[in-house]
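Next up, coords-v4.cif (mmCIF, C-alpha atoms and all ligand atoms):
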data_data
loop_
_atom_site.label_atom_id
_atom_site.label_comp_id
_atom_site.auth_asym_id
_atom_site.auth_seq_id
_atom_site.Cartn_x
_atom_site.Cartn_y
_atom_site.Cartn_z
CA ASP A 676 5.12 73.26 -3.32
CA ALA A 677 6.08 74.79 0.00
CA ARG A 678 8.69 72.15 0.75
CA ALA A 679 10.36 72.49 -2.64
CA THR A 680 11.11 76.15 -2.04
CA GLY A 681 11.56 75.81 1.71
CA LEU A 682 9.37 78.85 2.14
CA PRO A 683 5.88 78.42 3.49
CA PHE A 684 4.28 80.18 0.52
CA HIS A 685 0.82 78.78 1.01
CA SER A 686 0.66 78.50 4.72
CA HIS A 687 -2.35 79.81 6.55
CA SER A 688 -1.22 79.49 10.14
CA ALA A 689 -0.01 82.55 12.04
CA THR A 690 3.37 80.95 12.91
CA SER A 691 4.17 80.05 9.32
CA ASP A 692 3.05 83.45 8.17
CA LYS A 693 5.48 85.02 10.62
CA ALA A 694 8.27 82.67 9.48
CA PHE A 695 7.53 83.53 5.86
CA ARG A 696 7.72 87.24 6.53
CA ARG A 697 11.01 86.81 8.39
CA SER A 698 12.50 84.73 5.53
CA PHE A 699 11.35 87.27 2.99
CA ALA A 700 12.81 90.19 4.96
CA LEU A 701 16.09 88.35 5.57
CA LEU A 702 16.49 87.56 1.90
CA ARG A 703 15.82 91.14 0.85
CA ASP A 704 18.18 92.52 3.50
CA PHE A 705 20.91 89.96 2.75
CA GLU A 706 20.81 90.97 -0.91
CA VAL A 707 21.27 94.60 0.15
CA ALA A 708 24.16 93.70 2.49
CA LEU A 709 25.85 91.69 -0.25
CA ALA A 710 25.48 94.45 -2.85
CA ALA A 711 26.95 97.01 -0.44
CA SER A 712 29.50 94.52 0.94
CA SER A 713 28.47 95.73 4.39
CA ASP A 714 27.54 93.87 7.60
CA LEU A 715 29.22 90.72 6.24
CA ARG A 716 32.53 89.32 7.44
CA LEU A 717 34.46 86.09 7.60
CA VAL A 718 35.60 84.45 10.82
CA TYR A 719 38.31 81.80 10.89
CA GLN A 720 38.27 78.57 12.89
CA PRO A 721 41.69 76.92 13.41
CA ARG A 722 42.30 73.46 11.95
CA ILE A 723 44.95 71.56 13.87
CA ASP A 724 47.26 68.86 12.57
CA LEU A 725 47.18 65.99 15.10
CA ALA A 726 50.67 64.67 14.34
CA SER A 727 52.49 67.99 14.85
CA GLY A 728 50.02 69.84 17.05
CA GLN A 729 50.37 72.80 14.70
CA CYS A 730 47.63 74.96 13.27
CA LEU A 731 48.18 74.79 9.51
CA GLY A 732 45.10 76.69 8.49
CA ALA A 733 41.51 77.59 9.12
CA GLU A 734 37.97 77.27 7.87
CA ALA A 735 36.44 80.60 6.85
CA LEU A 736 32.83 80.97 8.02
CA LEU A 737 30.43 83.70 6.98
CA ARG A 738 28.92 86.06 9.56
CA TRP A 739 26.10 88.53 8.99
CA THR A 740 25.09 91.24 11.43
CA HIS A 741 21.67 92.48 10.44
CA PRO A 742 21.28 96.25 11.02
CA THR A 743 18.24 95.85 13.30
CA LEU A 744 17.95 92.12 14.10
CA GLY A 745 21.63 91.64 15.07
CA PRO A 746 23.68 88.54 14.24
CA ILE A 747 21.90 85.98 12.04
CA GLY A 748 23.50 82.52 11.89
CA PRO A 749 24.51 80.93 8.57
CA SER A 750 22.32 77.93 9.41
CA GLU A 751 19.38 80.29 8.98
CA PHE A 752 20.43 82.48 6.04
CA ILE A 753 22.54 80.08 3.92
CA PRO A 754 19.63 77.68 3.20
CA LEU A 755 17.49 80.71 2.26
CA ILE A 756 19.98 82.24 -0.13
CA GLU A 757 20.72 78.84 -1.67
CA ARG A 758 17.05 78.46 -2.55
CA MET A 759 16.77 81.95 -3.97
CA SER A 760 19.76 81.89 -6.33
CA LEU A 761 21.92 84.18 -4.22
CA ALA A 762 24.52 81.45 -3.77
CA THR A 763 26.60 82.55 -6.76
CA PRO A 764 27.20 86.16 -5.64
CA THR A 765 27.58 85.04 -2.01
CA THR A 766 30.29 82.51 -2.82
CA ALA A 767 31.98 85.13 -5.02
CA TRP A 768 32.09 87.53 -2.05
CA VAL A 769 33.36 84.81 0.31
CA ILE A 770 36.11 83.66 -2.06
CA GLU A 771 37.22 87.21 -2.87
CA THR A 772 37.38 88.09 0.85
CA ALA A 773 39.17 84.87 1.86
CA VAL A 774 41.74 85.10 -0.94
CA ALA A 775 42.44 88.78 -0.15
CA GLN A 776 42.97 87.70 3.47
CA ILE A 777 45.32 84.88 2.46
CA ALA A 778 47.29 87.33 0.29
CA SER A 779 47.69 89.81 3.13
CA TRP A 780 48.71 87.05 5.55
CA ARG A 781 51.31 85.87 3.04
CA GLU A 782 52.70 89.39 2.75
CA ALA A 783 53.07 89.36 6.53
CA GLY A 784 54.97 86.06 6.29
CA LEU A 785 52.12 83.81 7.42
CA ASP A 786 51.63 80.70 5.35
CA LEU A 787 48.12 79.45 6.09
CA THR A 788 45.65 77.33 4.16
CA VAL A 789 42.07 78.54 4.22
CA SER A 790 39.02 76.45 3.43
CA VAL A 791 35.75 78.03 2.31
CA ASN A 792 32.29 76.54 1.96
CA ILE A 793 30.68 76.57 -1.45
CA SER A 794 27.12 75.78 -2.59
CA SER A 795 25.56 73.26 -4.90
CA ALA A 796 24.78 76.02 -7.42
CA ASN A 797 28.50 76.78 -7.81
CA LEU A 798 29.09 73.27 -9.10
CA HIS A 799 26.34 73.72 -11.68
CA ASP A 800 27.89 76.95 -12.94
CA SER A 801 30.15 76.16 -15.90
CA GLY A 802 32.25 79.29 -15.28
CA PHE A 803 32.89 78.62 -11.59
CA ALA A 804 36.34 77.02 -11.76
CA ASP A 805 37.58 79.79 -14.08
CA SER A 806 36.24 82.50 -11.78
CA VAL A 807 38.05 81.00 -8.77
CA LYS A 808 41.29 80.78 -10.77
CA ALA A 809 40.89 84.44 -11.79
CA VAL A 810 40.57 85.58 -8.16
CA LEU A 811 43.70 83.62 -7.19
CA ARG A 812 45.66 85.08 -10.11
CA ARG A 813 44.53 88.63 -9.36
CA HIS A 814 45.77 88.32 -5.76
CA GLY A 815 48.94 86.47 -6.74
CA VAL A 816 48.09 83.54 -4.49
CA PRO A 817 49.00 79.93 -5.40
CA PRO A 818 45.98 77.65 -5.86
CA THR A 819 47.18 75.18 -3.24
CA VAL A 820 46.47 77.51 -0.31
CA ILE A 821 42.72 77.49 -0.81
CA GLU A 822 40.45 74.53 -0.18
CA LEU A 823 36.81 74.39 -1.25
CA GLU A 824 34.38 72.52 1.02
CA VAL A 825 31.35 70.97 -0.57
CA THR A 826 28.76 68.59 0.87
CA GLU A 827 27.95 65.17 -0.58
CA THR A 828 24.38 66.33 -1.05
CA ALA A 829 25.50 69.34 -3.11
CA ILE A 830 27.49 67.05 -5.41
CA MET A 831 24.76 64.46 -5.76
CA ASN A 832 22.25 67.11 -6.93
CA ASP A 833 23.67 66.67 -10.39
CA ALA A 834 26.73 64.52 -10.01
CA GLU A 835 27.93 64.60 -13.63
CA LEU A 836 27.77 68.38 -13.87
CA ALA A 837 29.41 68.73 -10.45
CA LEU A 838 32.19 66.37 -11.46
CA THR A 839 33.10 68.61 -14.43
CA GLN A 840 33.63 71.63 -12.15
CA LEU A 841 35.39 69.57 -9.46
CA ASN A 842 37.80 68.14 -12.04
CA GLN A 843 38.59 71.59 -13.42
CA LEU A 844 39.24 72.93 -9.92
CA ALA A 845 41.42 69.97 -8.99
CA GLU A 846 43.38 70.23 -12.25
CA ALA A 847 44.08 73.88 -11.41
CA GLY A 848 45.66 72.71 -8.14
CA ILE A 849 42.79 73.83 -5.89
CA ARG A 850 42.17 71.49 -2.96
CA LEU A 851 38.71 70.02 -2.49
CA ALA A 852 37.03 68.73 0.66
CA ILE A 853 33.86 66.76 1.26
CA ASP A 854 32.08 68.51 4.15
CA ASP A 855 29.68 66.94 6.66
CA PHE A 856 30.78 63.51 5.48
CA GLY A 857 28.45 60.72 6.55
CA THR A 858 25.27 62.80 6.55
CA GLY A 859 24.62 62.53 2.81
CA TYR A 860 24.00 59.48 0.70
CA SER A 861 27.01 59.20 -1.56
CA SER A 862 28.14 55.68 -2.32
CA LEU A 863 31.64 54.39 -1.78
CA SER A 864 32.13 53.95 -5.50
CA TYR A 865 31.29 57.61 -5.97
CA LEU A 866 33.67 58.80 -3.31
CA GLN A 867 36.38 56.98 -5.21
CA ARG A 868 35.58 58.89 -8.42
CA LEU A 869 35.71 62.36 -6.88
CA PRO A 870 38.96 64.34 -7.30
CA ILE A 871 38.98 65.30 -3.61
CA HIS A 872 41.83 65.71 -1.13
CA VAL A 873 40.06 65.95 2.20
CA VAL A 874 37.15 64.28 3.97
CA LYS A 875 35.59 66.19 6.88
CA ILE A 876 33.61 63.91 9.16
CA ASP A 877 30.42 65.58 10.40
CA ARG A 878 30.31 66.62 14.02
CA SER A 879 27.14 64.61 14.69
CA PHE A 880 29.31 61.47 14.46
CA ILE A 881 32.17 62.93 16.49
CA ALA A 882 30.17 64.08 19.52
CA ARG A 883 29.29 60.59 20.84
CA ILE A 884 32.60 58.92 20.05
CA ASP A 885 33.73 58.79 23.72
CA THR A 886 30.52 57.27 25.11
CA ASP A 887 29.27 55.00 22.33
CA PRO A 888 31.66 52.20 21.27
CA ARG A 889 29.71 51.59 18.06
CA GLN A 890 30.22 55.21 17.15
CA LEU A 891 33.96 54.80 17.64
CA SER A 892 34.01 51.73 15.35
CA LEU A 893 32.03 53.61 12.74
CA ILE A 894 34.45 56.57 12.78
CA THR A 895 37.47 54.25 12.71
CA MET A 896 36.01 52.60 9.62
CA MET A 897 35.23 55.91 7.92
CA VAL A 898 38.75 57.21 8.60
CA SER A 899 40.44 54.06 7.36
CA MET A 900 38.34 53.99 4.21
CA ALA A 901 39.00 57.67 3.41
CA LYS A 902 42.72 57.25 4.07
CA HIS A 903 42.79 54.12 1.96
CA LEU A 904 41.49 56.26 -0.91
CA GLY A 905 44.35 58.68 -0.26
CA HIS A 906 42.38 61.44 1.45
CA ARG A 907 43.26 63.52 4.47
CA VAL A 908 40.69 63.21 7.24
CA VAL A 909 39.43 66.06 9.41
CA ALA A 910 37.13 65.63 12.43
CA GLU A 911 34.71 68.53 12.98
CA GLY A 912 33.13 69.61 16.26
CA VAL A 913 35.74 68.38 18.73
CA GLU A 914 34.53 69.80 22.04
CA THR A 915 36.15 67.73 24.79
CA PRO A 916 39.57 66.22 25.63
CA ALA A 917 37.90 62.76 25.85
CA VAL A 918 36.69 63.04 22.26
CA LEU A 919 40.13 64.23 21.10
CA ASP A 920 41.74 61.30 22.88
CA ARG A 921 39.51 58.77 21.10
CA LEU A 922 40.08 60.45 17.77
CA ARG A 923 43.82 59.92 18.01
CA SER A 924 43.28 56.16 17.97
CA THR A 925 41.27 56.37 14.72
CA GLY A 926 44.14 57.70 12.58
CA CYS A 927 42.38 60.99 11.88
CA ASP A 928 44.76 63.70 10.52
CA GLU A 929 43.25 67.01 11.60
CA VAL A 930 40.81 68.30 14.17
CA GLN A 931 38.62 71.37 14.45
CA GLY A 932 36.26 72.40 17.25
CA TYR A 933 35.43 74.52 20.27
CA LEU A 934 38.02 72.58 22.34
CA PHE A 935 40.69 74.52 20.44
CA SER A 936 38.90 77.66 19.40
CA HIS A 937 35.66 79.14 18.22
CA PRO A 938 35.76 80.80 14.80
CA LEU A 939 37.70 84.08 15.24
CA PRO A 940 38.01 87.45 13.50
CA PRO A 941 41.22 87.57 11.38
CA GLN A 942 43.37 89.50 13.91
CA ASP A 943 42.34 87.21 16.78
CA PHE A 944 43.02 84.15 14.64
CA VAL A 945 46.57 85.34 13.91
CA ALA A 946 47.13 86.11 17.60
CA TRP A 947 45.84 82.63 18.46
CA THR A 948 48.29 80.90 16.08
CA LYS A 949 51.19 82.98 17.43
CA VAL A 950 50.43 82.18 21.06
CA GLY A 951 50.25 78.50 20.16
CA ARG A 952 53.67 78.59 18.49
CA ARG A 953 55.57 80.88 20.84
CA ASP A 954 54.51 79.64 24.27
CA GLU A 955 53.70 76.07 23.44
CA ALA A 956 51.12 76.42 26.19
CA PRO A 957 49.96 72.99 27.37
CA ASP A 958 46.40 73.69 26.30
CA ARG A 959 47.58 74.48 22.78
CA ARG A 960 50.25 71.83 22.42
CA LEU A 961 48.66 68.71 21.13
CA ALA A 962 51.36 66.50 19.82
P1 LIG B 1001 30.14 73.69 8.30
O1 LIG B 1001 30.80 74.07 7.05
O2 LIG B 1001 30.04 72.25 8.62
O3 LIG B 1001 30.91 74.51 9.44
C1 LIG B 1001 31.12 74.05 10.73
C2 LIG B 1001 30.12 74.65 11.68
O4 LIG B 1001 30.29 74.05 12.98
C3 LIG B 1001 30.30 76.16 11.92
O5 LIG B 1001 29.01 76.71 12.21
C4 LIG B 1001 31.17 76.18 13.18
O6 LIG B 1001 31.07 77.41 13.89
C5 LIG B 1001 30.54 75.04 13.94
N1 LIG B 1001 31.47 74.45 14.91
C6 LIG B 1001 32.81 74.41 14.88
N2 LIG B 1001 33.31 73.74 15.94
C7 LIG B 1001 32.25 73.34 16.67
C8 LIG B 1001 32.11 72.60 17.90
O7 LIG B 1001 33.08 72.18 18.53
N3 LIG B 1001 30.83 72.37 18.33
C9 LIG B 1001 29.73 72.84 17.65
N4 LIG B 1001 28.54 72.58 18.17
N5 LIG B 1001 29.84 73.53 16.50
C10 LIG B 1001 31.08 73.78 16.01
P2 LIG B 1001 28.48 78.03 11.50
O8 LIG B 1001 29.59 79.01 11.33
O9 LIG B 1001 27.26 78.44 12.22
O10 LIG B 1001 28.10 77.52 10.04
C11 LIG B 1001 27.07 76.59 9.85
C12 LIG B 1001 27.05 76.10 8.43
O11 LIG B 1001 26.71 77.18 7.55
C13 LIG B 1001 28.41 75.60 7.92
O12 LIG B 1001 28.63 74.28 8.34
C14 LIG B 1001 28.21 75.73 6.43
O13 LIG B 1001 27.48 74.64 5.94
C15 LIG B 1001 27.37 76.99 6.32
N6 LIG B 1001 28.25 78.14 6.04
C16 LIG B 1001 28.98 78.92 6.89
N7 LIG B 1001 29.68 79.86 6.22
C17 LIG B 1001 29.41 79.64 4.89
C18 LIG B 1001 29.84 80.29 3.68
O14 LIG B 1001 30.65 81.22 3.66
N8 LIG B 1001 29.31 79.79 2.52
C19 LIG B 1001 28.44 78.74 2.48
N9 LIG B 1001 27.97 78.31 1.31
N10 LIG B 1001 28.04 78.11 3.60
C20 LIG B 1001 28.51 78.56 4.79
MG MG B 1002 32.55 73.52 6.22
MG MG B 1003 30.88 70.58 8.25
MG MG B 1004 27.42 72.07 7.18
#

So that I can check it, write out the structure of this file as structure tokens.
Amino acid sequence: DARATGLPFHSHSATSDKAFRRSFALLRDFEVALAASSDLRLVYQPRIDLASGQCLGAEALLRWTHPTLGPIGPSEFIPLIERMSLATPTTAWVIETAVAQIASWREAGLDLTVSVNISSANLHDSGFADSVKAVLRRHGVPPTVIELEVTETAIMNDAELALTQLNQLAEAGIRLAIDDFGTGYSSLSYLQRLPIHVVKIDRSFIARIDTDPRQLSLITMMVSMAKHLGHRVVAEGVETPAVLDRLRSTGCDEVQGYLFSHPLPPQDFVAWTKVGRRDEAPDRRLA
């Protein structure tokens, strides 16, 4: 039905009809952009290590500038492409672009870890782990500098199949992160079985941490549980100094958010990391 596809195929109202036509046009145009590798780019949002105050890497996020409609956010086009089996070629483009970027940064003497978001469909593709390994080999990049972010929901779609791919990736030395942690429905026992390295706590939990004491307890518990299982913990969506301050008390390892930087084009990201290191400006120094 309409909800299963996410597209209002049998809607009769004018609004839904308009939404349908937009979705259809976006999908068609995204496919064209992907095939031509045009109008797509990655931006990089710094991830900061709380203990040292250093930026050790970034999350790569996909940006699409539509030729006539302008920038379209991933929150709009990613769910569409995931429903219409464009996730496989999209992730391939994202990984190829991110790994090429890592390789060129390494040539310039910059050692940075980059995380990329992958889709549920990738975990149901038996050739996925091998294809990621091939890209890393081709660019001469060690597997440990890339991290793949996957949501709990994407894993739970078919947990056994997903586990096969996750295990292969982890065995190859590729780091794995659970994204948007807390918003899905994975059980504690499952979290324990996953070969993951990093847990990223969703920003919906982080935002109210400074005003709601129950929220702070909840985060403290999530962090301690994840660390107990041996995972590194990242807090997403840190927007204010008050939130950052509270996060320190939870034992969280890394932070990411507008307080530090918005996602940046590659050159701006490099400039940002250099300013942080050279000047140790108070707004950048966190330790
Ligand atoms: P995500 O992976 O959880 O990425 C974090 C999102 O939060 C990004 O939105 C980022 O710009 C935003 N963000 C970062 N710091 C803050 C903050 O302090 N406050 C607020 N309000 N937001 C913050 P973006 O880039 O719009 O991406 C949205 C989602 O789209 C991502 O969520 C991810 O699920 C998906 N996405 C983005 N790029 C890709 C991609 O290359 N592949 C796939 N499969 N999904 C992607
Ligand atoms: Mg992510
Ligand atoms: Mg997230
Ligand atoms: Mg997300």

Please check which protein, DNA or RNA residues sit within 7 Å of ligand LIG 1001 (chain B), counting only C-alpha atoms and all ligand atoms, and write them as an mmCIF file with C-alpha atoms, keeping the file's coordinate frame.
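What ended up in part-v5.cif:
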data_model
loop_
_atom_site.group_PDB
_atom_site.id
_atom_site.type_symbol
_atom_site.label_atom_id
_atom_site.label_comp_id
_atom_site.auth_asym_id
_atom_site.auth_seq_id
_atom_site.Cartn_x
_atom_site.Cartn_y
_atom_site.Cartn_z
ATOM 1 C CA ALA A 735 36.440 80.600 6.850
ATOM 2 C CA LEU A 736 32.830 80.970 8.020
ATOM 3 C CA LEU A 737 30.430 83.700 6.980
ATOM 4 C CA GLY A 748 23.500 82.520 11.890
ATOM 5 C CA PRO A 749 24.510 80.930 8.570
ATOM 6 C CA SER A 750 22.320 77.930 9.410
ATOM 7 C CA ILE A 753 22.540 80.080 3.920
ATOM 8 C CA ALA A 762 24.520 81.450 -3.770
ATOM 9 C CA THR A 766 30.290 82.510 -2.820
ATOM 10 C CA VAL A 769 33.360 84.810 0.310
ATOM 11 C CA VAL A 791 35.750 78.030 2.310
ATOM 12 C CA ASN A 792 32.290 76.540 1.960
ATOM 13 C CA ILE A 793 30.680 76.570 -1.450
ATOM 14 C CA SER A 794 27.120 75.780 -2.590
ATOM 15 C CA ASP A 854 32.080 68.510 4.150
ATOM 16 C CA ASP A 855 29.680 66.940 6.660
ATOM 17 C CA ASP A 877 30.420 65.580 10.400
ATOM 18 C CA GLU A 911 34.710 68.530 12.980
ATOM 19 C CA GLY A 912 33.130 69.610 16.260
ATOM 20 C CA VAL A 913 35.740 68.380 18.730
ATOM 21 C CA GLU A 914 34.530 69.800 22.040
ATOM 22 C CA GLN A 931 38.620 71.370 14.450
ATOM 23 C CA GLY A 932 36.260 72.400 17.250
ATOM 24 C CA TYR A 933 35.430 74.520 20.270
ATOM 25 C CA LEU A 934 38.020 72.580 22.340
ATOM 26 C CA HIS A 937 35.660 79.140 18.220
ATOM 27 C CA PRO A 938 35.760 80.800 14.800
#

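Reported to one decimal place, the separation of CA of Ile821 in chain A from CA of Ser713 in chain A is 23.7 Å.
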
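Using only C-alpha atoms and all ligand atoms, the shortest contact distance between ligand MG 1004 (chain B) and any of A:Pro721, A:Gly784, A:Gly857, A:Pro742 is found at A:Gly857.
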
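Considering only C-alpha atoms, the residue among A:Cys927, A:Val873, A:Ala773, A:Leu838 positioned nearest to Asp800 in chain A is A:Leu838.
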
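For the pair CA of Leu702 in chain A and CA of Ser760 in chain A, the interatomic distance is 10.5 Å.
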
Skipping near chain neighbours, those fewer than 2 positions away, what residues fall within 12 Å of Pro817 in chain A using all atoms listed in the file, listed as a count of residues only?
25

Between A:Leu851, A:Leu904, A:Leu869, A:Leu761, which one has atoms that come closest to ligand MG 1002 (chain B), using all atoms listed in the file?
A:Leu851

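Here CA of Leu785 in chain A is placed at a distance of 20.4 Å from CA of Ala726 in chain A.
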
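Using only C-alpha atoms, the contacts of Val945 in chain A at a cut-off of 9 Å, with sequence neighbours closer than 5 positions omitted, comprise A:Trp780, A:Leu785, A:Pro940, A:Val950.
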
Which residues are close to Met831 in chain A, i.e. within 9 Å by only C-alpha atoms, leaving aside same-chain residues fewer than 4 positions away? Reply as a list of chain:residue names.
A:Ser795, A:Thr826, A:Glu827, A:Glu835, A:Ala837, A:Gly859, A:Tyr860, A:Ser861

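Minimum atom-to-atom distance to ligand MG 1004 (chain B), evaluated using only C-alpha atoms and all ligand atoms, belongs to A:Ala829 out of A:Ala946, A:Ala917, A:Ile884, A:Ala829.
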
Which polymer residues have any atom within 12 Å of an atom of Glu751 in chain A, counting all atoms listed in the file, with same-chain residues fewer than 2 positions away left out, as a PDB file with C-alpha atoms, in the coordinates of the input?
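Below is the file that was written, result17.pdb:
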ATOM      1  CA  GLY A 681      11.560  75.810   1.710  1.00  0.00           C
ATOM      2  CA  ALA A 694       8.270  82.670   9.480  1.00  0.00           C
ATOM      3  CA  ARG A 697      11.010  86.810   8.390  1.00  0.00           C
ATOM      4  CA  SER A 698      12.500  84.730   5.530  1.00  0.00           C
ATOM      5  CA  LEU A 701      16.090  88.350   5.570  1.00  0.00           C
ATOM      6  CA  LEU A 702      16.490  87.560   1.900  1.00  0.00           C
ATOM      7  CA  PHE A 705      20.910  89.960   2.750  1.00  0.00           C
ATOM      8  CA  LEU A 737      30.430  83.700   6.980  1.00  0.00           C
ATOM      9  CA  ARG A 738      28.920  86.060   9.560  1.00  0.00           C
ATOM     10  CA  TRP A 739      26.100  88.530   8.990  1.00  0.00           C
ATOM     11  CA  PRO A 746      23.680  88.540  14.240  1.00  0.00           C
ATOM     12  CA  ILE A 747      21.900  85.980  12.040  1.00  0.00           C
ATOM     13  CA  GLY A 748      23.500  82.520  11.890  1.00  0.00           C
ATOM     14  CA  PRO A 749      24.510  80.930   8.570  1.00  0.00           C
ATOM     15  CA  ILE A 753      22.540  80.080   3.920  1.00  0.00           C
ATOM     16  CA  PRO A 754      19.630  77.680   3.200  1.00  0.00           C
ATOM     17  CA  LEU A 755      17.490  80.710   2.260  1.00  0.00           C
ATOM     18  CA  ILE A 756      19.980  82.240  -0.130  1.00  0.00           C
ATOM     19  CA  GLU A 757      20.720  78.840  -1.670  1.00  0.00           C
ATOM     20  CA  ARG A 758      17.050  78.460  -2.550  1.00  0.00           C
TER      21      ARG A 758
END

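Distances from A:Leu891, A:Leu922, A:Leu866, A:Ile853 to ligand MG 1003 (chain B) were compared using all atoms listed in the file, and the smallest one belongs to A:Ile853.
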
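Comparing A:Thr915, A:Ser790, A:Thr858, A:Thr839 by their smallest distance to Thr886 in chain A, the closest is A:Thr915 (using all atoms listed in the file).
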
Test item: residues at most 9 Å from Cys730 in chain A, only C-alpha atoms, excluding those fewer than 3 positions along its chain, as a PyMOL selection string
chain A and resi 721-724+727+733+787+948+951-952
